[in-house]
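Next comes data_23.txt, a file with compact mmCIF, C-alpha atoms.
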```
# COMPACT_ATOMS: atom_id res chain seq x y z
CA MET A 1 38.57 13.07 -34.94
CA SER A 2 39.88 16.61 -34.62
CA ALA A 3 42.99 17.99 -36.31
CA TRP A 4 44.79 17.83 -32.96
CA SER A 5 43.98 14.11 -32.59
CA TRP A 6 45.43 13.22 -35.98
CA ILE A 7 48.50 15.38 -35.36
CA LEU A 8 49.23 13.76 -31.98
CA LEU A 9 48.53 10.28 -33.34
CA ALA A 10 50.99 10.87 -36.21
CA CYS A 11 53.61 12.29 -33.80
CA ILE A 12 53.30 9.37 -31.35
CA GLY A 13 53.39 6.86 -34.20
CA CYS A 14 56.53 8.36 -35.74
CA TYR A 15 58.27 8.33 -32.34
CA ALA A 16 57.16 4.72 -31.73
CA LEU A 17 58.75 3.67 -35.04
CA LYS A 18 62.07 5.25 -33.96
CA LEU A 19 61.95 3.64 -30.51
CA PHE A 20 61.02 0.21 -31.92
CA GLY A 21 64.30 0.22 -33.87
CA TYR A 22 66.21 0.35 -30.57
CA LEU A 23 64.08 -2.43 -29.04
CA ILE A 24 64.84 -4.92 -31.81
CA PRO A 25 67.43 -7.53 -30.72
CA LEU A 26 70.94 -6.62 -31.87
CA ALA A 27 71.34 -10.02 -33.57
CA TRP A 28 68.58 -9.11 -36.04
CA VAL A 29 70.48 -5.98 -37.05
CA GLU A 30 73.82 -7.79 -37.35
CA HIS A 31 72.55 -10.67 -39.48
CA PRO A 32 74.36 -10.49 -42.88
CA VAL A 33 71.12 -10.58 -44.89
CA VAL A 34 69.68 -7.75 -42.76
CA ALA A 35 72.91 -5.77 -43.10
CA ARG A 36 72.86 -6.09 -46.92
CA ALA A 37 69.19 -5.11 -46.97
CA THR A 38 69.52 -2.07 -44.68
CA THR A 39 72.63 -0.74 -46.45
CA ALA A 40 70.88 -0.94 -49.81
CA MET A 41 67.63 0.37 -48.36
CA THR A 42 69.34 3.54 -47.08
CA VAL A 43 70.70 4.27 -50.57
CA GLY A 44 67.30 3.47 -52.10
CA LEU A 45 65.37 5.67 -49.65
CA LEU A 46 67.70 8.63 -50.09
CA ALA A 47 67.53 8.27 -53.90
CA SER A 48 63.75 8.09 -53.66
CA LEU A 49 63.68 11.23 -51.47
CA VAL A 50 65.86 13.08 -53.99
CA ALA A 51 63.46 12.08 -56.78
CA LEU A 52 60.35 12.99 -54.77
CA ASN A 53 61.71 16.37 -53.67
CA THR A 54 62.93 17.22 -57.19
CA LEU A 55 60.12 16.00 -59.39
CA THR A 56 56.89 15.87 -57.39
CA ASP A 57 54.60 18.33 -55.65
CA GLY A 58 51.54 17.19 -53.71
CA GLY A 59 51.55 13.71 -55.26
CA ARG A 60 51.92 14.90 -58.87
CA ILE A 61 54.91 14.99 -61.25
CA VAL A 62 56.02 18.62 -61.62
CA LEU A 63 59.05 19.72 -63.65
CA ASP A 64 60.31 23.09 -62.43
CA SER A 65 63.31 25.10 -61.21
CA ARG A 66 64.19 22.46 -58.61
CA LEU A 67 65.92 20.59 -61.47
CA VAL A 68 68.32 23.54 -61.75
CA GLY A 69 68.90 23.32 -57.99
CA LEU A 70 69.61 19.59 -58.32
CA ALA A 71 72.13 20.19 -61.10
CA ALA A 72 73.88 22.94 -59.11
CA ALA A 73 74.08 20.68 -56.05
CA ALA A 74 75.50 17.82 -58.15
CA VAL A 75 78.22 20.07 -59.60
CA ALA A 76 79.08 21.36 -56.09
CA LEU A 77 79.31 17.78 -54.77
CA LYS A 78 81.48 16.78 -57.74
CA LEU A 79 83.82 19.67 -56.82
CA ARG A 80 83.86 18.42 -53.20
CA ALA A 81 82.14 21.50 -51.77
CA PRO A 82 81.15 21.36 -48.06
CA TYR A 83 77.61 20.20 -47.28
CA ILE A 84 76.36 23.66 -46.27
CA VAL A 85 77.63 25.13 -49.57
CA VAL A 86 75.84 22.38 -51.50
CA VAL A 87 72.53 23.11 -49.75
CA VAL A 88 72.81 26.89 -50.10
CA LEU A 89 73.75 26.56 -53.80
CA GLY A 90 70.71 24.32 -54.31
CA ALA A 91 68.46 27.05 -52.88
CA VAL A 92 70.15 29.94 -54.71
CA ALA A 93 70.15 28.15 -58.09
CA THR A 94 66.46 27.29 -57.71
CA ALA A 95 65.56 30.85 -56.67
CA VAL A 96 67.57 32.40 -59.53
CA ALA A 97 65.98 30.05 -62.07
CA ARG A 98 62.52 31.22 -60.88
CA LEU A 99 63.70 34.83 -60.95
CA VAL A 100 64.54 34.56 -64.66
CA GLY A 101 61.11 33.12 -65.41
CA LEU A 102 61.31 29.34 -65.17
CA PRO A 103 58.40 27.68 -63.28
CA MET B 104 80.15 18.15 -40.75
CA GLY B 105 77.44 17.78 -38.10
CA LEU B 106 77.15 21.50 -37.41
CA SER B 107 77.03 22.46 -41.10
CA ILE B 108 74.23 19.94 -41.66
CA ALA B 109 72.42 21.42 -38.66
CA ALA B 110 72.69 24.93 -40.09
CA ALA B 111 71.55 23.86 -43.55
CA VAL B 112 68.60 21.77 -42.45
CA GLY B 113 67.55 24.30 -39.81
CA VAL B 114 67.10 26.86 -42.54
CA TYR B 115 64.73 24.46 -44.28
CA GLY B 116 62.61 24.53 -41.12
CA VAL B 117 61.49 28.04 -42.11
CA SER B 118 59.74 26.65 -45.14
CA PHE B 119 58.07 23.89 -43.08
CA GLY B 120 56.74 26.49 -40.63
CA ALA B 121 55.53 28.74 -43.44
CA LEU B 122 53.96 25.90 -45.44
CA ALA B 123 52.26 24.42 -42.36
CA VAL B 124 50.61 27.72 -41.43
CA ALA B 125 49.69 28.29 -45.07
CA SER B 126 47.97 24.86 -45.10
CA GLY B 127 45.71 25.92 -42.23
CA LEU B 128 47.50 24.68 -39.10
CA THR B 129 47.91 26.98 -36.11
CA VAL B 130 51.35 28.13 -34.95
CA TRP B 131 51.07 25.76 -31.96
CA GLN B 132 50.11 22.76 -34.12
CA THR B 133 53.01 23.54 -36.44
CA GLN B 134 55.42 23.72 -33.50
CA VAL B 135 54.18 20.43 -32.01
CA PHE B 136 55.23 18.67 -35.23
CA SER B 137 58.81 19.87 -34.91
CA LEU B 138 58.97 19.30 -31.13
CA LEU B 139 57.40 15.81 -31.04
CA MET B 140 57.50 14.23 -34.51
CA PHE B 141 60.89 15.73 -35.47
CA THR B 142 61.36 14.01 -38.81
CA GLY B 143 61.16 16.45 -41.70
CA GLY B 144 60.00 14.13 -44.46
CA SER B 145 57.03 12.93 -42.37
CA GLN B 146 56.15 16.48 -41.32
CA PHE B 147 56.05 17.66 -44.93
CA ALA B 148 54.14 14.52 -45.91
CA TYR B 149 51.42 15.23 -43.32
CA ILE B 150 50.88 18.69 -44.76
CA GLY B 151 51.30 17.53 -48.37
CA ALA B 152 48.50 14.99 -47.88
CA ALA B 153 46.23 17.73 -46.44
CA GLY B 154 46.34 16.39 -42.86
CA GLY B 155 43.77 14.09 -41.23
CA PRO B 156 43.99 10.31 -41.74
CA ALA B 157 45.76 10.59 -45.12
CA GLY B 158 48.30 12.94 -43.56
CA ALA B 159 48.91 10.65 -40.59
CA VAL B 160 49.34 7.54 -42.77
CA SER B 161 51.73 9.38 -45.10
CA ALA B 162 53.77 10.61 -42.14
CA LEU B 163 54.02 7.09 -40.68
CA LEU B 164 54.98 5.52 -44.03
CA LEU B 165 57.80 8.04 -44.46
CA GLY B 166 58.80 7.46 -40.82
CA VAL B 167 59.45 3.73 -41.31
CA ARG B 168 62.98 4.47 -42.49
CA ASN B 169 63.78 5.87 -39.02
CA LEU B 170 63.15 2.36 -37.63
CA VAL B 171 65.90 1.07 -39.91
CA TYR B 172 68.22 3.92 -38.91
CA ALA B 173 67.50 3.23 -35.22
CA ALA B 174 68.29 -0.48 -35.52
CA GLU B 175 71.53 0.34 -37.34
CA LEU B 176 72.52 3.06 -34.84
CA LYS B 177 71.86 0.70 -31.93
CA GLY B 178 74.38 -1.70 -33.46
CA GLN B 179 77.01 0.94 -34.25
CA LEU B 180 76.73 3.28 -31.23
CA ARG B 181 75.61 0.74 -28.59
CA PRO B 182 73.82 3.27 -26.35
CA ARG B 183 72.73 2.32 -22.82
CA PRO B 184 69.07 1.12 -22.74
CA ALA B 185 68.16 4.01 -20.43
CA MET B 186 69.19 6.38 -23.23
CA TRP B 187 67.14 4.67 -25.97
CA PRO B 188 64.15 7.05 -25.64
CA VAL B 189 66.46 10.06 -26.14
CA TYR B 190 68.37 8.43 -29.01
CA ALA B 191 65.02 7.55 -30.60
CA GLN B 192 63.86 11.18 -30.59
CA LEU B 193 67.10 12.36 -32.28
CA THR B 194 67.15 9.53 -34.87
CA ILE B 195 66.66 11.20 -38.28
CA ASP B 196 68.22 11.13 -41.76
CA GLU B 197 70.98 13.58 -40.92
CA SER B 198 72.05 12.28 -37.47
CA PHE B 199 72.14 8.76 -38.92
CA ALA B 200 74.15 9.81 -41.97
CA THR B 201 76.58 11.83 -39.85
CA ALA B 202 77.10 9.03 -37.31
CA VAL B 203 77.71 6.18 -39.74
CA ALA B 204 80.13 8.29 -41.80
CA GLN B 205 82.61 8.42 -38.87
CA GLU B 206 85.34 5.85 -38.20
CA THR B 207 85.34 5.09 -34.45
CA THR B 208 82.46 4.54 -32.03
CA ASP B 209 83.34 7.73 -30.10
CA GLU B 210 83.35 9.79 -33.31
CA LYS B 211 80.07 8.18 -34.38
CA LYS B 212 78.46 9.14 -31.07
CA ARG B 213 79.81 12.68 -31.28
CA GLY B 214 78.50 12.99 -34.85
CA PHE B 215 75.09 11.65 -33.83
CA TRP B 216 74.69 14.03 -30.87
CA THR B 217 76.07 17.09 -32.69
CA ALA B 218 73.85 16.61 -35.73
CA GLY B 219 70.83 15.39 -33.73
CA LEU B 220 70.80 18.12 -31.08
CA GLY B 221 71.98 20.85 -33.46
CA ILE B 222 69.23 20.07 -35.94
CA TYR B 223 66.62 19.68 -33.16
CA VAL B 224 67.31 23.20 -31.87
CA ALA B 225 67.69 24.79 -35.32
CA TRP B 226 64.69 22.94 -36.78
CA ASN B 227 62.42 24.10 -33.94
CA LEU B 228 63.63 27.70 -33.90
CA PHE B 229 63.27 28.03 -37.67
CA THR B 230 59.90 26.25 -37.64
CA LEU B 231 58.66 28.91 -35.21
CA LEU B 232 60.21 31.68 -37.28
CA GLY B 233 58.66 30.30 -40.46
CA ALA B 234 55.24 29.90 -38.82
CA LEU B 235 55.28 33.45 -37.41
CA VAL B 236 56.51 35.27 -40.51
CA GLY B 237 55.02 32.85 -43.06
CA ASP B 238 52.39 35.26 -44.23
CA TRP B 239 54.87 38.09 -44.54
CA LEU B 240 57.50 35.90 -46.27
CA GLY B 241 55.17 34.79 -49.05
CA SER B 242 55.85 31.55 -50.91
CA PRO B 243 58.98 29.68 -49.68
CA LYS B 244 59.49 28.74 -53.33
CA VAL B 245 60.53 32.31 -54.20
CA TYR B 246 63.57 31.77 -51.97
CA GLY B 247 64.34 28.38 -53.50
CA LEU B 248 63.85 26.56 -50.19
CA ASP B 249 62.33 23.57 -52.02
CA GLY B 250 65.60 23.45 -53.97
CA ALA B 251 67.51 23.41 -50.67
CA ALA B 252 65.67 20.21 -49.71
CA VAL B 253 66.67 18.59 -53.00
CA ALA B 254 70.32 19.54 -52.45
CA ALA B 255 70.21 18.35 -48.82
CA PHE B 256 69.02 14.86 -49.76
CA LEU B 257 71.46 14.61 -52.70
CA GLY B 258 74.26 15.62 -50.33
CA LEU B 259 73.34 12.74 -48.01
CA LEU B 260 73.10 10.26 -50.88
CA TRP B 261 76.32 11.28 -52.69
CA PRO B 262 78.93 9.79 -50.28
CA ARG B 263 77.13 6.43 -50.45
CA LEU B 264 77.51 6.09 -54.23
CA LYS B 265 80.91 4.43 -53.88
CA ASN B 266 80.57 1.71 -56.52
CA ARG B 267 78.55 0.79 -59.60
CA ASP B 268 76.04 -1.32 -57.65
CA ALA B 269 75.27 1.57 -55.30
CA VAL B 270 74.65 3.89 -58.27
CA ALA B 271 72.46 1.22 -59.90
CA VAL B 272 70.34 0.82 -56.76
CA ALA B 273 69.94 4.60 -56.47
CA VAL B 274 68.91 5.03 -60.12
CA ILE B 275 66.50 2.08 -60.03
CA CYS B 276 64.85 3.38 -56.85
CA ALA B 277 64.52 6.93 -58.19
CA VAL B 278 62.93 5.63 -61.42
CA VAL B 279 60.58 3.28 -59.51
CA THR B 280 59.51 6.15 -57.25
CA ILE B 281 58.69 8.54 -60.09
CA ALA B 282 56.95 5.82 -62.11
CA LEU B 283 54.65 5.03 -59.16
CA VAL B 284 53.90 8.60 -57.98
CA PRO B 285 50.92 9.17 -60.33
CA ALA B 286 49.33 5.83 -59.37
CA LEU B 287 49.80 5.51 -55.60
CA PRO B 288 49.00 7.62 -52.51
CA ASN B 289 51.64 9.96 -51.05
CA GLY B 290 54.38 8.08 -49.22
CA VAL B 291 53.72 4.67 -50.78
CA PRO B 292 56.16 5.01 -53.75
CA LEU B 293 58.93 5.72 -51.22
CA LEU B 294 58.15 2.50 -49.36
CA VAL B 295 58.04 0.47 -52.57
CA ALA B 296 61.44 1.93 -53.51
CA ALA B 297 62.76 0.91 -50.08
CA ALA B 298 61.48 -2.64 -50.56
CA VAL B 299 63.03 -2.80 -54.04
CA ALA B 300 66.36 -1.57 -52.63
CA ALA B 301 66.28 -4.18 -49.86
CA ALA B 302 65.58 -6.93 -52.41
CA LEU B 303 68.44 -5.72 -54.63
CA GLY B 304 70.79 -5.62 -51.63
CA ILE B 305 69.89 -9.15 -50.57
CA GLY B 306 70.21 -10.23 -54.20
CA ARG B 307 73.28 -9.71 -56.33
CA PHE B 308 73.94 -6.02 -55.63
CA THR B 309 76.86 -5.52 -53.24
CA LEU B 310 77.11 -2.08 -51.67
CA PRO B 311 80.26 -0.92 -49.89
CA GLY B 312 80.53 1.39 -46.91
CA ARG B 313 79.53 -0.83 -44.05
CA GLU B 314 82.66 -1.55 -42.05
CA VAL B 315 83.04 -4.75 -40.03
CA ARG B 316 82.88 -4.09 -36.31
CA PRO B 317 85.57 -5.58 -34.02
```
Show me, as structure tokens, the structure contained in the file I just sent.
Amino acid sequence: MSAWSWILLACIGCYALKLFGYLIPLAWVEHPVVARATTAMTVGLLASLVALNTLTDGGRIVLDSRLVGLAAAAVALKLRAPYIVVVVLGAVATAVARLVGLP
Amino acid sequence: MGLSIAAAVGVYGVSFGALAVASGLTVWQTQVFSLLMFTGGSQFAYIGAAGGPAGAVSALLLGVRNLVYAAELKGQLRPRPAMWPVYAQLTIDESFATAVAQETTDEKKRGFWTAGLGIYVAWNLFTLLGALVGDWLGSPKVYGLDGAAVAAFLGLLWPRLKNRDAVAVAVICAVVTIALVPALPNGVPLLVAAAVAAALGIGRFTLPGREVRP
């Protein structure tokens, strides 16, 4: 299969997953066990995404300046900074850390 | 909050565009990802796994969480069935997080549309920009854009850490993810972490933040 085929297949599949969520009967979503699972799963997925984006690169563990960005973002969140400030600080802290020679 | 998320995440689109072109995709292929797939984690996963079947599987695995978001949004926003295809396209981390953080159904809908449409437009414009100037820009890492992604996800997680159980679930899932990364293909550790979180939630961990609907 060509690159285009795989790209379109992945795009259609990802959209189908989103649409399927709306086709599921509402009762499934409102069931208490499902509610407990989905609430916890959202926290777990976001925590997993933080870990993946901070500590991995191409399927390998990599420790680098992103840790500085994570720390800066955490401090900003602790000080109740707006979301946009948190994100920009994460980028600036990471870039500055690289500028001074960290990986 | 919706617009500020849109601005922040749109900027990250530059690095997707630049990285996609750097990985060998054409500008058109890069743009199709942002127009059709429109879910950042999956788009990065496709490129991170070097495309092809591994890229497609990684993208789909990371996209499973959107199914959960969609089911939850259907319950909280109650959109008309005719609108489901449009809601589905705009269902992503940020529109979900923005919607469920609001108090009333009207505010939830406004948050969903503002974040969803705002990010869709910004994400696509900045993807194009990143793809076009990628070569000139050099590595997105010099500008700390990978650090912006870290901060963006932490910013979405932070408001959910309202009690000790929520923090415990987050820490356990982060540790599980990192422990499994060296052993499993791209995307799979994330799914295992999701399954672990679901099991913890059904078990004795009680997470706050889900209001009872009237």
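When all atoms listed in the file are used to compute distances to Val295 in chain B, the closest of the residues B:Ala234, B:Leu165, B:Leu176, B:Val135 turns out to be B:Leu165.
With CA of Ala296 in chain B on one side and CA of Met41 in chain A on the other, the separation reads 8.2 Å.
CA of Ala95 in chain A is found 16.0 Å from CA of Leu55 in chain A.
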Protein/DNA/RNA residues near (69.9, 20.9, -60.9), cut 10 Å, all atoms listed in the file, as a VMD selection string: (chain A and resid 54 64 to 75 89 to 90 93 to 94) or (chain B and resid 250 253 to 254)
Hey, what's within 8 Å of Ala76 in chain A if we count only C-alpha atoms and toss same-chain stuff fewer than 5 positions away? As a PDB file with C-alpha atoms, in the frame of the given file, please?
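And here is the file that came out, out-v3.pdb:
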```pdb
ATOM      1  CA  ALA A  81      82.140  21.500 -51.770  1.00  0.00           C
ATOM      2  CA  VAL A  85      77.630  25.130 -49.570  1.00  0.00           C
ATOM      3  CA  VAL A  86      75.840  22.380 -51.500  1.00  0.00           C
ATOM      4  CA  LEU A  89      73.750  26.560 -53.800  1.00  0.00           C
TER       5      LEU A  89
END
```
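For the atom pair formed by CA of Ser145 in chain B and CA of Ala97 in chain A, the distance is 27.6 Å, given to one decimal.
Among the candidates A:Ala27, A:Val100, A:Leu8, A:Leu17, the one nearest to chain B when counting all atoms listed in the file is A:Leu17.
Take the candidates B:Tyr172, B:Tyr246, B:Phe141, B:Trp131 and check each one against Thr38 in chain A using all atoms listed in the file; the shortest distance goes to B:Tyr172.
Nearest to chain A of all the residues B:Ser198, B:Thr217, B:Thr230, B:Gln146 is B:Gln146, based on all atoms listed in the file.
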For Ala37 in chain A, work out the shell of residues within 8 Å, counting all atoms listed in the file and skipping chain neighbours fewer than 3 positions away, then give it as a ChimeraX atom specification. /A:33-34,40-41 /B:300-305
